[in-house]
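Novice: Pasting in a structure now, in structure tokens, and then I'll have a few things to ask.
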Amino acid sequence: MKRKLILLLSIFFLFAASVKVYKGGLTIGQTYYIRVSAANNNTGNFTLCINNYNPILKAGQDYGTASVLCSKDAFTQTNVTGSGLNNHESAGTCLGNESNSAWYKWTAANSGSLTFTLIPTATYDDLDWILYDLGVNGSAANVNAANAIRCASGHGVTCTPFYNQTGTNLTSTDLTEISGCVRGQDGFVRYIDMIQGHVYGLLVDNFSSGNNGFTLSFGGTGTFLGPTAALDIQTNNACSATPSFTFTNKSTDYSTL
């Protein structure tokens, strides 16, 4: 099994600096080493932040190439650069045109609440986003302002008080947060109630254009439709000297075994 690792090294000497290291294809059981040193024999303190996760399919910059999420496991998007072939998919929403976008979509496995949190890799990156309810067929034709059920484009990294995390939660009551430093905005809007069988699309835009990424995590009672592993085992000639077994695959929603 392969996993991916994000290392965020914050090293503080005469000035603060942040170094990001990415390594994919890690093997479980293998030992890896990290060496931290400073130029000119400087000494000081540093913070080592490790994010280890199962990678998703790389997200596209247009809805047609969105990464399909099959579970609510948290993950890190390593970088976001460019707005794809169509930077007007967000037209008519709180976002306007896209700058550096990534698309994700999923199908609700049950009806239930959904919260999520976006945290930028770089502290001062401004993340904006739009969440669409695309109905039961998830057609690209449904990607329009009328189906944008939540939206946030505040510029909290330049506001007082400062904020850089954004998403939906169980306590907020607003449905949209517009661009700028608007009184009362904190980056979060009200959670959604997913409808079983509906396809949802999430457009995340890094307005700061810094080629940096973010971490996306989910909460709530709603779940995403994904593969279900199931095998039926039938024992043949159980009381004989040469018993045999018949395995029948009853797994669902998978592409390959």
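Labeling convention for the structure tokens: chains A, B, ... as they appear, residues from 1 per chain, ligands from 1 in order of appearance.
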Which polymer residues have any atom within 7 Å of an atom of Ala102 in chain A, counting only C-alpha atoms, with same-chain residues fewer than 5 positions away left out, as a list in words?

Specialist: Ala59, Gly60, Gln61, Val80, Leu203, Val204 and Asp205 of chain A

Novice: For N, CA and C atoms, I'd like the residues from the last selection saved as a short mmCIF file (atom, residue, chain, number, x, y, z; two decimals), in the first residue's frame.

Specialist:
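Saved result, out_30.cif, follows:
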```cif
data_model
loop_
_atom_site.label_atom_id
_atom_site.label_comp_id
_atom_site.auth_asym_id
_atom_site.auth_seq_id
_atom_site.Cartn_x
_atom_site.Cartn_y
_atom_site.Cartn_z
N ALA A 59 -6.98 16.51 -8.69
CA ALA A 59 -8.15 17.30 -9.06
C ALA A 59 -7.89 18.11 -10.32
N GLY A 60 -8.89 18.15 -11.21
CA GLY A 60 -8.81 18.97 -12.40
C GLY A 60 -9.23 20.40 -12.09
N GLN A 61 -9.03 21.28 -13.05
CA GLN A 61 -9.34 22.70 -12.86
C GLN A 61 -10.69 23.08 -13.44
N VAL A 80 -2.12 24.29 -6.34
CA VAL A 80 -3.21 24.69 -7.24
C VAL A 80 -2.70 25.83 -8.11
N LEU A 203 -15.87 23.61 -5.82
CA LEU A 203 -14.82 24.35 -6.49
C LEU A 203 -14.03 25.13 -5.44
N VAL A 204 -12.73 24.86 -5.35
CA VAL A 204 -11.86 25.58 -4.42
C VAL A 204 -10.91 26.43 -5.24
N ASP A 205 -10.79 27.70 -4.89
CA ASP A 205 -9.96 28.63 -5.64
C ASP A 205 -8.95 29.30 -4.72
#
```

Novice: From range 97-184 of chain A, collect each residue whose DSSP state is strand (DSSP E or B) and return the set as a ChimeraX atom specification.

Specialist: /A:101-108,112-120,127-133,148-154,166-169,176-180

Novice: Using only C-alpha atoms, which residue out of A:Asn206, A:Asn169, A:Thr47, A:Gln234 lies closest to Phe116 in chain A?

Specialist: A:Asn169

Novice: Return the single residue from A:Phe214, A:Phe75, A:Phe188, A:Phe207 that is closest to Asn97 in chain A, with distances computed using only C-alpha atoms.

Specialist: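 That would be A:Phe207, the residue with the smallest distance to Asn97 in chain A.
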
Novice: To one decimal place in Å, what is the distance between CA of Lys105 in chain A and CA of Tyr132 in chain A?

Specialist: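 Taking CA of Lys105 in chain A as the start and CA of Tyr132 in chain A as the end point, the length is 9.2 Å.
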